[in-house]
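Data file: entry_28.cif. Format and content: mmCIF, C-alpha atoms.
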```cif
data_query
#
loop_
_atom_site.label_atom_id
_atom_site.label_comp_id
_atom_site.auth_asym_id
_atom_site.auth_seq_id
_atom_site.Cartn_x
_atom_site.Cartn_y
_atom_site.Cartn_z
CA MET V 85 33.04 -5.91 36.61
CA THR V 86 32.14 -2.23 36.72
CA ILE V 87 30.88 -0.72 33.46
CA ARG V 88 30.04 2.99 33.20
CA ILE V 89 27.41 3.58 30.53
CA LEU V 90 26.11 6.67 28.74
CA LEU V 91 22.60 6.30 27.22
CA VAL V 92 21.68 8.27 24.11
CA ASP V 93 18.15 8.25 22.67
CA ASP V 94 15.76 11.08 21.87
CA HIS V 95 12.84 9.34 23.62
CA PRO V 96 13.07 9.62 27.43
CA ILE V 97 10.76 6.61 27.81
CA VAL V 98 13.15 4.44 25.78
CA ARG V 99 16.08 5.67 27.89
CA GLN V 100 14.08 4.78 31.00
CA GLY V 101 13.44 1.25 29.68
CA LEU V 102 17.11 0.76 28.76
CA LYS V 103 18.20 2.12 32.13
CA THR V 104 16.03 -0.26 34.17
CA LEU V 105 17.38 -3.16 32.14
CA LEU V 106 21.06 -2.16 32.43
CA GLU V 107 20.96 -1.21 36.11
CA GLY V 108 19.60 -4.66 36.91
CA ARG V 109 23.18 -5.88 36.44
CA SER V 110 25.33 -5.58 39.49
CA GLY V 111 28.24 -3.20 38.95
CA TRP V 112 26.82 -1.58 35.82
CA GLU V 113 26.00 2.07 36.19
CA VAL V 114 24.22 4.49 33.86
CA ILE V 115 26.31 7.60 34.52
CA GLY V 116 24.45 9.92 32.17
CA GLU V 117 21.89 10.39 29.44
CA ALA V 118 21.69 12.44 26.25
CA SER V 119 18.86 13.07 23.82
CA ASP V 120 20.79 13.73 20.59
CA GLY V 121 24.17 13.19 19.00
CA ALA V 122 25.58 16.61 19.83
CA GLU V 123 24.72 16.22 23.52
CA ALA V 124 26.22 12.72 23.42
CA VAL V 125 29.54 14.11 22.17
CA GLU V 126 29.57 16.74 24.95
CA LYS V 127 28.63 14.28 27.69
CA ALA V 128 31.17 11.71 26.53
CA LYS V 129 33.88 14.34 26.88
CA GLU V 130 32.65 15.32 30.35
CA LEU V 131 31.87 11.87 31.82
CA ASN V 132 34.33 9.57 30.03
CA PRO V 133 32.09 6.46 29.96
CA ASP V 134 33.26 2.92 29.08
CA VAL V 135 30.31 2.19 26.78
CA MET V 136 27.87 4.41 24.92
CA VAL V 137 24.45 2.97 23.96
CA LEU V 138 23.51 5.08 20.94
CA ASP V 139 20.36 5.49 18.82
CA VAL V 140 20.65 6.22 15.07
CA THR V 141 17.74 8.56 14.29
CA MET V 142 17.87 11.64 16.48
CA PRO V 143 17.45 15.42 16.03
CA ARG V 144 20.34 17.90 15.70
CA MET V 145 23.06 15.28 15.14
CA ASN V 146 22.19 11.68 14.32
CA GLY V 147 23.94 8.71 15.89
CA LEU V 148 26.12 7.90 12.87
CA GLU V 149 27.59 11.40 12.79
CA ALA V 150 28.11 11.35 16.55
CA CYS V 151 29.85 7.99 16.26
CA ARG V 152 32.29 9.32 13.65
CA VAL V 153 33.10 12.34 15.83
CA LEU V 154 33.54 10.19 18.94
CA ARG V 155 35.84 7.77 17.16
CA ARG V 156 38.30 10.64 16.76
CA GLN V 157 37.59 12.33 20.07
CA ALA V 158 37.44 9.28 22.37
CA PRO V 159 39.12 6.28 20.73
CA ARG V 160 38.85 4.12 23.87
CA LEU V 161 35.08 4.54 24.15
CA GLU V 162 33.10 1.53 22.89
CA ILE V 163 29.91 2.36 20.99
CA LEU V 164 26.88 0.09 20.77
CA PHE V 165 24.00 1.08 18.48
CA VAL V 166 20.47 0.26 19.63
CA THR V 167 18.13 1.21 16.81
CA GLN V 168 14.82 0.62 15.05
CA HIS V 169 16.68 -0.04 11.79
CA ASP V 170 16.62 -3.77 11.20
CA SER V 171 18.75 -3.51 8.09
CA PRO V 172 22.13 -5.00 7.06
CA GLN V 173 23.01 -1.78 5.19
CA MET V 174 22.45 0.38 8.24
CA MET V 175 24.39 -2.09 10.36
CA ARG V 176 27.32 -1.92 7.93
CA GLU V 177 27.19 1.88 7.98
CA ALA V 178 27.20 1.88 11.79
CA MET V 179 30.16 -0.50 12.00
CA ASP V 180 32.02 1.52 9.35
CA ALA V 181 31.41 4.64 11.45
CA GLY V 182 33.33 2.94 14.25
CA ALA V 183 30.75 1.15 16.40
CA ARG V 184 31.62 -2.13 18.13
CA GLY V 185 28.06 -3.42 18.36
CA TYR V 186 24.61 -3.21 16.74
CA VAL V 187 21.31 -4.34 18.26
CA VAL V 188 17.74 -3.88 16.99
CA LYS V 189 15.48 -2.03 19.42
CA SER V 190 12.69 -4.59 19.18
CA ASN V 191 15.15 -7.20 20.50
CA ALA V 192 16.91 -4.95 23.00
CA ALA V 193 15.41 -6.69 26.02
CA ARG V 194 16.91 -9.96 24.73
CA ASP V 195 20.25 -8.77 23.32
CA LEU V 196 21.28 -5.64 25.19
CA LEU V 197 23.00 -7.15 28.22
CA ALA V 198 25.06 -9.59 26.16
CA ALA V 199 25.94 -6.81 23.71
CA VAL V 200 27.12 -4.38 26.41
CA GLU V 201 29.16 -7.12 28.03
CA ALA V 202 30.80 -8.00 24.69
CA VAL V 203 31.63 -4.45 23.59
CA SER V 204 32.93 -3.54 27.06
CA GLN V 205 35.50 -6.31 26.49
CA HIS V 206 36.27 -4.86 23.05
CA ARG V 207 34.46 -7.69 21.24
CA VAL V 208 32.10 -7.16 18.29
CA PHE V 209 28.40 -7.94 18.86
CA THR V 210 25.82 -7.66 16.09
CA ALA V 211 22.25 -8.99 15.95
CA LEU V 212 19.52 -8.32 13.42
CA ASN V 213 15.99 -9.72 13.57
CA GLY V 214 15.71 -13.39 12.70
CA ARG V 215 19.49 -13.90 12.80
CA GLU V 216 21.72 -15.32 15.49
CA ALA V 217 23.81 -12.77 17.30
CA THR V 218 27.42 -12.82 16.14
CA GLY V 219 30.48 -11.77 18.02
CA SER V 220 34.21 -11.68 17.42
CA ASN V 221 37.33 -10.08 18.78
CA MET H 87 -8.19 0.12 45.46
CA LYS H 88 -5.39 0.15 42.90
CA LEU H 89 -5.75 1.68 39.44
CA ARG H 90 -4.99 -1.15 37.00
CA ILE H 91 -3.28 -0.36 33.70
CA LEU H 92 -2.72 -2.53 30.62
CA LEU H 93 0.26 -1.61 28.40
CA ALA H 94 0.38 -2.49 24.69
CA ASP H 95 3.53 -1.72 22.69
CA ASP H 96 5.54 -4.00 20.42
CA HIS H 97 8.85 -2.91 21.97
CA GLU H 98 9.60 -4.58 25.29
CA ILE H 99 12.09 -1.84 26.11
CA VAL H 100 9.35 0.81 25.74
CA ARG H 101 6.98 -1.24 27.92
CA ARG H 102 9.73 -1.43 30.55
CA GLY H 103 10.14 2.35 30.45
CA LEU H 104 6.39 2.94 30.67
CA ARG H 105 5.97 0.44 33.49
CA SER H 106 8.79 2.00 35.50
CA LEU H 107 7.25 5.46 34.99
CA LEU H 108 3.70 4.44 35.92
CA GLU H 109 4.53 2.22 38.88
CA LYS H 110 6.31 5.09 40.61
CA ARG H 111 2.83 6.38 41.39
CA GLU H 112 1.42 4.96 44.56
CA GLY H 113 -1.83 3.13 43.93
CA TRP H 114 -1.13 2.43 40.24
CA GLU H 115 -0.35 -1.04 38.97
CA VAL H 116 0.52 -2.34 35.51
CA CYS H 117 -1.67 -5.44 35.51
CA GLY H 118 -0.57 -6.74 32.10
CA GLU H 119 1.41 -6.16 28.93
CA ALA H 120 0.75 -6.97 25.27
CA SER H 121 3.05 -6.79 22.26
CA ASP H 122 0.40 -6.34 19.55
CA GLY H 123 -3.19 -5.22 19.17
CA ARG H 124 -4.70 -8.67 19.07
CA GLU H 125 -2.99 -9.65 22.33
CA ALA H 126 -4.07 -6.31 23.85
CA ILE H 127 -7.73 -7.11 23.13
CA GLU H 128 -7.43 -10.61 24.61
CA LYS H 129 -5.71 -9.32 27.75
CA ALA H 130 -8.13 -6.39 28.15
CA LEU H 131 -11.10 -8.75 28.06
CA GLU H 132 -9.39 -11.08 30.54
CA LEU H 133 -7.95 -8.51 32.95
CA LYS H 134 -10.59 -5.72 32.73
CA PRO H 135 -8.06 -2.90 33.34
CA ASP H 136 -9.14 0.61 34.32
CA VAL H 137 -6.95 2.15 31.61
CA VAL H 138 -5.49 0.69 28.41
CA ILE H 139 -2.43 2.37 26.87
CA VAL H 140 -1.91 1.41 23.22
CA ASP H 141 0.86 2.30 20.80
CA ILE H 142 -0.43 3.19 17.34
CA GLY H 143 2.28 1.40 15.35
CA MET H 144 1.89 -2.22 16.44
CA PRO H 145 2.13 -5.26 14.17
CA ASN H 146 -0.80 -7.61 13.39
CA LEU H 147 -3.37 -5.09 14.58
CA ASN H 148 -2.47 -1.41 14.89
CA GLY H 149 -3.40 0.75 17.88
CA LEU H 150 -6.24 2.62 16.19
CA ASP H 151 -8.06 -0.53 15.13
CA THR H 152 -7.33 -2.03 18.55
CA THR H 153 -9.04 1.00 20.13
CA ARG H 154 -12.03 0.70 17.78
CA GLN H 155 -12.46 -3.01 18.46
CA LEU H 156 -12.02 -2.65 22.23
CA LEU H 157 -14.71 0.02 22.42
CA GLN H 158 -17.05 -2.00 20.25
CA LEU H 159 -16.61 -4.95 22.60
CA ASP H 160 -17.04 -2.82 25.73
CA PRO H 161 -17.61 0.95 25.54
CA HIS H 162 -16.44 1.32 29.16
CA PHE H 163 -12.79 0.77 28.24
CA LYS H 164 -10.70 3.93 28.65
CA VAL H 165 -7.96 4.06 26.05
CA ILE H 166 -4.91 6.32 25.78
CA VAL H 167 -3.22 6.28 22.37
CA LEU H 168 0.57 6.64 22.23
CA THR H 169 1.91 7.93 18.96
CA ILE H 170 5.12 9.09 17.34
CA THR H 171 3.29 11.77 15.32
CA ASP H 172 0.51 14.23 16.02
CA SER H 173 -0.39 14.85 12.39
CA ASP H 174 -3.95 16.06 11.77
CA GLN H 175 -4.90 12.75 10.22
CA VAL H 176 -3.66 10.65 13.14
CA ILE H 177 -5.38 12.95 15.64
CA ARG H 178 -8.68 12.70 13.71
CA GLU H 179 -8.46 8.93 13.53
CA ALA H 180 -7.63 8.59 17.22
CA LEU H 181 -10.59 10.80 18.19
CA ASP H 182 -12.80 8.93 15.76
CA ALA H 183 -11.69 5.58 17.19
CA GLY H 184 -12.84 6.75 20.63
CA ALA H 185 -9.53 7.34 22.43
CA ARG H 186 -9.86 9.46 25.56
CA GLY H 187 -6.22 10.33 25.71
CA PHE H 188 -3.59 11.11 23.12
CA VAL H 189 0.09 11.30 24.10
CA LEU H 190 3.17 11.72 21.93
CA LYS H 191 5.73 9.03 22.63
CA SER H 192 8.48 11.61 22.75
CA ASP H 193 6.59 13.41 25.54
CA ALA H 194 5.39 10.30 27.35
CA ALA H 195 7.77 10.76 30.27
CA ARG H 196 6.19 14.19 30.85
CA ASP H 197 2.54 13.65 29.79
CA LEU H 198 1.57 10.05 30.39
CA VAL H 199 1.10 10.29 34.16
CA ALA H 200 -1.07 13.40 33.66
CA ALA H 201 -3.06 11.55 30.98
CA VAL H 202 -3.75 8.53 33.20
CA GLU H 203 -4.65 10.87 36.05
CA ALA H 204 -7.13 12.71 33.79
CA LEU H 205 -8.84 9.46 32.79
CA GLN H 206 -8.90 8.36 36.42
CA ASN H 207 -10.84 11.56 37.14
CA LYS H 208 -13.24 10.92 34.24
CA ARG H 209 -11.66 13.59 32.08
CA MET H 210 -9.85 13.37 28.74
CA PHE H 211 -6.23 14.25 27.96
CA PHE H 212 -4.92 15.59 24.68
CA THR H 213 -1.77 17.36 23.56
CA PRO H 214 -2.03 21.11 22.82
CA ARG H 215 -2.06 20.33 19.07
CA VAL H 216 -5.15 18.15 19.48
CA ASN H 217 -6.87 20.92 21.39
CA ASP H 218 -5.99 23.38 18.60
CA LEU H 219 -7.32 21.03 15.95
CA VAL H 220 -10.57 20.37 17.80
CA LEU H 221 -11.05 24.11 18.31
CA ALA H 222 -10.30 24.81 14.63
CA GLY H 223 -12.85 22.14 13.65
CA PHE H 224 -15.41 23.73 15.97
CA LEU H 225 -14.80 27.21 14.52
CA GLU H 226 -15.05 25.87 10.99
CA LYS H 227 -18.33 24.11 11.72
CA GLY H 228 -21.00 25.40 9.38
CA HIS H 229 -18.62 25.97 6.49
CA ALA H 230 -19.72 24.04 3.42
CA VAL H 231 -16.37 22.26 3.15
CA SER H 232 -13.64 22.15 5.77
CA ARG H 233 -10.34 23.47 4.43
CA THR H 234 -8.47 20.59 6.01
CA GLU H 235 -10.89 17.85 5.04
CA ALA H 236 -9.11 14.87 3.51
CA PRO H 237 -10.33 13.48 0.19
CA LYS H 238 -12.87 10.73 0.70
CA LEU H 239 -11.74 7.18 -0.01
CA PRO H 240 -14.03 4.16 -0.06
CA THR H 241 -14.52 2.93 3.51
CA LEU H 242 -13.08 -0.42 4.42
CA THR H 243 -14.80 -2.55 7.03
CA ALA H 244 -12.97 -3.36 10.27
CA ARG H 245 -12.17 -6.84 8.94
CA GLU H 246 -10.89 -5.42 5.65
CA ARG H 247 -8.63 -2.98 7.54
CA GLU H 248 -7.20 -5.86 9.59
CA ILE H 249 -6.54 -7.87 6.44
CA THR H 250 -5.03 -4.86 4.67
CA GLN H 251 -2.59 -4.35 7.54
CA LEU H 252 -1.57 -8.01 7.62
CA LEU H 253 -1.09 -8.17 3.83
CA ALA H 254 0.89 -4.92 3.85
CA GLU H 255 3.12 -6.36 6.59
CA GLY H 256 4.12 -9.06 4.12
CA ASN H 257 1.85 -11.96 5.13
CA SER H 258 0.45 -14.25 2.43
CA SER H 259 -3.31 -14.90 2.22
CA LYS H 260 -2.69 -18.29 3.84
CA GLU H 261 -0.79 -16.69 6.73
CA VAL H 262 -3.53 -14.08 7.19
CA ALA H 263 -6.13 -16.85 7.23
CA CYS H 264 -4.17 -18.65 9.92
CA LEU H 265 -3.77 -15.50 12.06
CA LEU H 266 -7.47 -14.61 11.85
CA ASN H 267 -8.87 -18.14 12.05
CA LEU H 268 -10.47 -17.83 8.62
CA SER H 269 -10.28 -20.00 5.51
CA THR H 270 -7.79 -18.98 2.82
CA LYS H 271 -10.72 -18.65 0.42
CA THR H 272 -12.46 -16.13 2.71
CA VAL H 273 -9.27 -14.09 2.95
CA GLU H 274 -8.88 -14.20 -0.84
CA THR H 275 -12.45 -12.89 -1.19
CA HIS H 276 -11.75 -10.04 1.25
CA ARG H 277 -8.52 -9.31 -0.60
CA SER H 278 -10.34 -9.06 -3.95
CA ASN H 279 -12.98 -6.80 -2.39
CA ILE H 280 -10.31 -4.52 -0.89
CA MET H 281 -8.44 -4.23 -4.21
CA ARG H 282 -11.69 -3.55 -6.07
CA LYS H 283 -12.95 -0.95 -3.57
CA LEU H 284 -9.65 0.94 -3.65
CA SER H 285 -9.08 0.40 -7.41
CA PHE H 286 -5.67 -1.16 -6.68
CA HIS H 287 -3.87 -3.61 -8.94
CA SER H 288 -0.83 -4.61 -6.91
CA ILE H 289 0.28 -5.35 -3.37
CA ARG H 290 2.61 -2.35 -3.70
CA ASP H 291 -0.46 -0.05 -3.96
CA LEU H 292 -1.83 -1.70 -0.84
CA VAL H 293 1.42 -1.15 1.09
CA VAL H 294 1.49 2.55 0.13
CA TYR H 295 -2.19 2.88 1.19
CA ALA H 296 -1.43 1.15 4.53
CA ILE H 297 1.45 3.54 5.24
CA LYS H 298 -0.53 6.65 4.23
CA ASN H 299 -3.48 5.61 6.39
CA ASN H 300 -1.39 4.70 9.45
CA LEU H 301 -2.25 1.02 9.30
CA ILE H 302 1.49 0.36 9.36
CA GLN H 303 4.41 2.62 10.19
CA ILE H 304 7.90 2.61 8.78
CA GLU H 305 11.15 3.89 10.17
CA LEU H 306 12.90 6.30 7.83
CA PRO H 307 16.70 6.39 7.65
CA PRO H 308 18.35 9.40 9.25
CA PRO H 309 18.72 12.46 7.01
CA PRO H 310 22.11 12.92 5.28
CA PRO H 311 24.78 14.72 7.31
CA PRO H 312 24.97 18.51 7.09
CA LYS H 313 27.21 20.00 4.37
CA ALA H 314 29.64 21.58 6.83
CA PRO H 315 31.77 18.77 8.29
CA VAL H 316 31.63 18.36 12.05
CA GLY H 317 35.08 17.70 13.43
CA PRO H 318 36.99 17.97 16.69
CA ALA H 319 37.69 21.66 15.95
CA ALA H 320 33.97 22.37 16.16
CA LEU H 321 33.62 20.75 19.59
#
```
Rendering of file as structure tokens:
Amino acid sequence: MTIRILLVDDHPIVRQGLKTLLEGRSGWEVIGEASDGAEAVEKAKELNPDVMVLDVTMPRMNGLEACRVLRRQAPRLEILFVTQHDSPQMMREAMDAGARGYVVKSNAARDLLAAVEAVSQHRVFTALNGREATGSN
Amino acid sequence: MKLRILLADDHEIVRRGLRSLLEKREGWEVCGEASDGREAIEKALELKPDVVIVDIGMPNLNGLDTTRQLLQLDPHFKVIVLTITDSDQVIREALDAGARGFVLKSDAARDLVAAVEALQNKRMFFTPRVNDLVLAGFLEKGHAVSRTEAPKLPTLTAREREITQLLAEGNSSKEVACLLNLSTKTVETHRSNIMRKLSFHSIRDLVVYAIKNNLIQIELPPPPPPKAPVGPAAL
């Protein structure tokens, strides 16, 4: 299955790590990158990705604000947060903002592929440290 | 002969990014990876890399103490410190620990290759802010008291710093003892000495000290949204 992904993180080295992981899957393509929320909103409009992998803490516009804007602007886009914040409160805030998935950065190498697969099929995927990943329709 | 590099960062995704960046260079090889400072020391002694790249904010043993211990074990190690901040204090500590390179994580994609290249050519690599700070320190030399000098705190030994970090990360004395191959009683003695030296009365004081002194790092939540709402009309 082809999945077109937009990567959003303010650290290029993190984007590079995520990209090598995602592009290891046949048919998955990273079609663009952005380094803050405002750029993510612009690129989503221009590139129309299936899934956005989005960081929370970024300059200019953080990921939560970008997510709220994108929910209105691109309702078919699925948003997956990949963040340092290993916190149930932050996860709740992200899901309330309209994300479909939430993964902690320290576990990204373990959880990211399953999470992208789930959200691309419009299923919820959340995983905090020390807890089993959960998913639902 | 290939230049062999050891990568130490607690995030596998960051290590992947760094590896992919470094291995694009012909003749460079990432010979090993470590996810905390203790593992970095073990692997460095085993693999004898030409360059060790360490993140400052690693669990169990942070990057600065890893650098100190590595250079005590073998002064020939060449260490580049990766950091999320270039505050004066972090720069001073990295220089003091003996790092030969200092790269901001946010600029790693741009600066890290140049930093490794510099070390390969027996030079050092620092960000412009480090250069400014070193120059300012040089110009201030001779003044009775440096304007930027931090207040002196009692010095902890290397072992006490390790134990402070582990306690501040939430480990019990028993868990620290297990991690460091010490008896619980020895750890308790170190703990009492640390609290006495720093005049602390609670673990909370110790956690605040560990954060302020870069023994551990915390992720702050994003700042609140701006007052003016951002909506589709603004796009």
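Here the question is which of H:His162, H:Arg124, H:Arg105, H:Arg290 gets nearest to Asn148 of chain H using all atoms listed in the file, and that residue is H:Arg124.
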Q. Hey, can you check how far atom CA of Leu90 of chain V sits from atom CA of Asn132 of chain V?
A.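 Atom CA of Asn132 of chain V lies at a distance of 8.8 Å from atom CA of Leu90 of chain V.
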Q) Within 6 Å of chain H, which residues of chain V show up when using only C-alpha atoms, listed as number ranges by chain? A) V: 95, 97-98, 100-101, 141, 190, 193
Please check which residues have atoms at most 10 Å from (20.5, -9.3, 21.0) in the file's coordinates, counting only C-alpha atoms, and write them as a PDB file with C-alpha atoms, keeping the file's coordinate frame.
```
ATOM      1  CA  VAL V 166      20.470   0.260  19.630  1.00  0.00           C
ATOM      2  CA  GLY V 185      28.060  -3.420  18.360  1.00  0.00           C
ATOM      3  CA  TYR V 186      24.610  -3.210  16.740  1.00  0.00           C
ATOM      4  CA  VAL V 187      21.310  -4.340  18.260  1.00  0.00           C
ATOM      5  CA  VAL V 188      17.740  -3.880  16.990  1.00  0.00           C
ATOM      6  CA  LYS V 189      15.480  -2.030  19.420  1.00  0.00           C
ATOM      7  CA  SER V 190      12.690  -4.590  19.180  1.00  0.00           C
ATOM      8  CA  ASN V 191      15.150  -7.200  20.500  1.00  0.00           C
ATOM      9  CA  ALA V 192      16.910  -4.950  23.000  1.00  0.00           C
ATOM     10  CA  ALA V 193      15.410  -6.690  26.020  1.00  0.00           C
ATOM     11  CA  ARG V 194      16.910  -9.960  24.730  1.00  0.00           C
ATOM     12  CA  ASP V 195      20.250  -8.770  23.320  1.00  0.00           C
ATOM     13  CA  LEU V 196      21.280  -5.640  25.190  1.00  0.00           C
ATOM     14  CA  LEU V 197      23.000  -7.150  28.220  1.00  0.00           C
ATOM     15  CA  ALA V 198      25.060  -9.590  26.160  1.00  0.00           C
ATOM     16  CA  ALA V 199      25.940  -6.810  23.710  1.00  0.00           C
ATOM     17  CA  VAL V 200      27.120  -4.380  26.410  1.00  0.00           C
ATOM     18  CA  PHE V 209      28.400  -7.940  18.860  1.00  0.00           C
ATOM     19  CA  THR V 210      25.820  -7.660  16.090  1.00  0.00           C
ATOM     20  CA  ALA V 211      22.250  -8.990  15.950  1.00  0.00           C
ATOM     21  CA  LEU V 212      19.520  -8.320  13.420  1.00  0.00           C
ATOM     22  CA  ASN V 213      15.990  -9.720  13.570  1.00  0.00           C
ATOM     23  CA  ARG V 215      19.490 -13.900  12.800  1.00  0.00           C
ATOM     24  CA  GLU V 216      21.720 -15.320  15.490  1.00  0.00           C
ATOM     25  CA  ALA V 217      23.810 -12.770  17.300  1.00  0.00           C
ATOM     26  CA  THR V 218      27.420 -12.820  16.140  1.00  0.00           C
TER      27      THR V 218
END
```
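The gap separating atom CA of Leu150 of chain H from atom CA of Leu133 of chain H is 20.2 Å, in Å to one decimal.
Comparing the minimum interatomic distances between Glu115 of chain H and each of H:Met210, H:Glu128, H:Ile91, H:Lys298, counting all atoms listed in the file, we find that H:Ile91 sits nearest.
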Q: Using atom CA of Cys151 of chain V and atom CA of Val125 of chain V as the two end points, give the distance in Å to one decimal.
A: 8.5 Å
**Q.** Nearest candidate to Leu198 of chain H (options V:Pro96, V:Ala124, V:Val114, V:Arg88; using all atoms listed in the file)
**A.**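 Selected residue with least distance to Leu198 of chain H: V:Pro96.
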Q.
Applying 10 Å and only C-alpha atoms, which residues near Gly256 of chain H remain after dropping the ones on its own chain fewer than 4 positions away? List them as a PyMOL selection string.
A. chain H and resi 251-252+261-262+289+293
(Q) Distance cut-off 10 Å, centre (28.9, -1.4, 18.6) in file coordinates, counting all atoms listed in the file: which residues qualify? Return them as a PyMOL selection string. (A) chain V and resi 135-138+151+162-166+175+178-179+181-187+199-200+202-204+206-210
For the selection just defined, write its residues with C-alpha atoms to a file, as an mmCIF file, keeping the file's coordinate frame.
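Result file follows (out_8.cif):
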```cif
data_model
loop_
_atom_site.group_PDB
_atom_site.id
_atom_site.type_symbol
_atom_site.label_atom_id
_atom_site.label_comp_id
_atom_site.auth_asym_id
_atom_site.auth_seq_id
_atom_site.Cartn_x
_atom_site.Cartn_y
_atom_site.Cartn_z
ATOM 1 C CA VAL V 135 30.310 2.190 26.780
ATOM 2 C CA MET V 136 27.870 4.410 24.920
ATOM 3 C CA VAL V 137 24.450 2.970 23.960
ATOM 4 C CA LEU V 138 23.510 5.080 20.940
ATOM 5 C CA CYS V 151 29.850 7.990 16.260
ATOM 6 C CA GLU V 162 33.100 1.530 22.890
ATOM 7 C CA ILE V 163 29.910 2.360 20.990
ATOM 8 C CA LEU V 164 26.880 0.090 20.770
ATOM 9 C CA PHE V 165 24.000 1.080 18.480
ATOM 10 C CA VAL V 166 20.470 0.260 19.630
ATOM 11 C CA MET V 175 24.390 -2.090 10.360
ATOM 12 C CA ALA V 178 27.200 1.880 11.790
ATOM 13 C CA MET V 179 30.160 -0.500 12.000
ATOM 14 C CA ALA V 181 31.410 4.640 11.450
ATOM 15 C CA GLY V 182 33.330 2.940 14.250
ATOM 16 C CA ALA V 183 30.750 1.150 16.400
ATOM 17 C CA ARG V 184 31.620 -2.130 18.130
ATOM 18 C CA GLY V 185 28.060 -3.420 18.360
ATOM 19 C CA TYR V 186 24.610 -3.210 16.740
ATOM 20 C CA VAL V 187 21.310 -4.340 18.260
ATOM 21 C CA ALA V 199 25.940 -6.810 23.710
ATOM 22 C CA VAL V 200 27.120 -4.380 26.410
ATOM 23 C CA ALA V 202 30.800 -8.000 24.690
ATOM 24 C CA VAL V 203 31.630 -4.450 23.590
ATOM 25 C CA SER V 204 32.930 -3.540 27.060
ATOM 26 C CA HIS V 206 36.270 -4.860 23.050
ATOM 27 C CA ARG V 207 34.460 -7.690 21.240
ATOM 28 C CA VAL V 208 32.100 -7.160 18.290
ATOM 29 C CA PHE V 209 28.400 -7.940 18.860
ATOM 30 C CA THR V 210 25.820 -7.660 16.090
#
```
Q. Which residue gives the smallest distance to Asn146 of chain V among V:Leu131, V:Ile115, V:Leu102, V:Val92, with all atoms listed in the file counted?
A.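 Of the candidates, the smallest distance to Asn146 of chain V is held by V:Val92.
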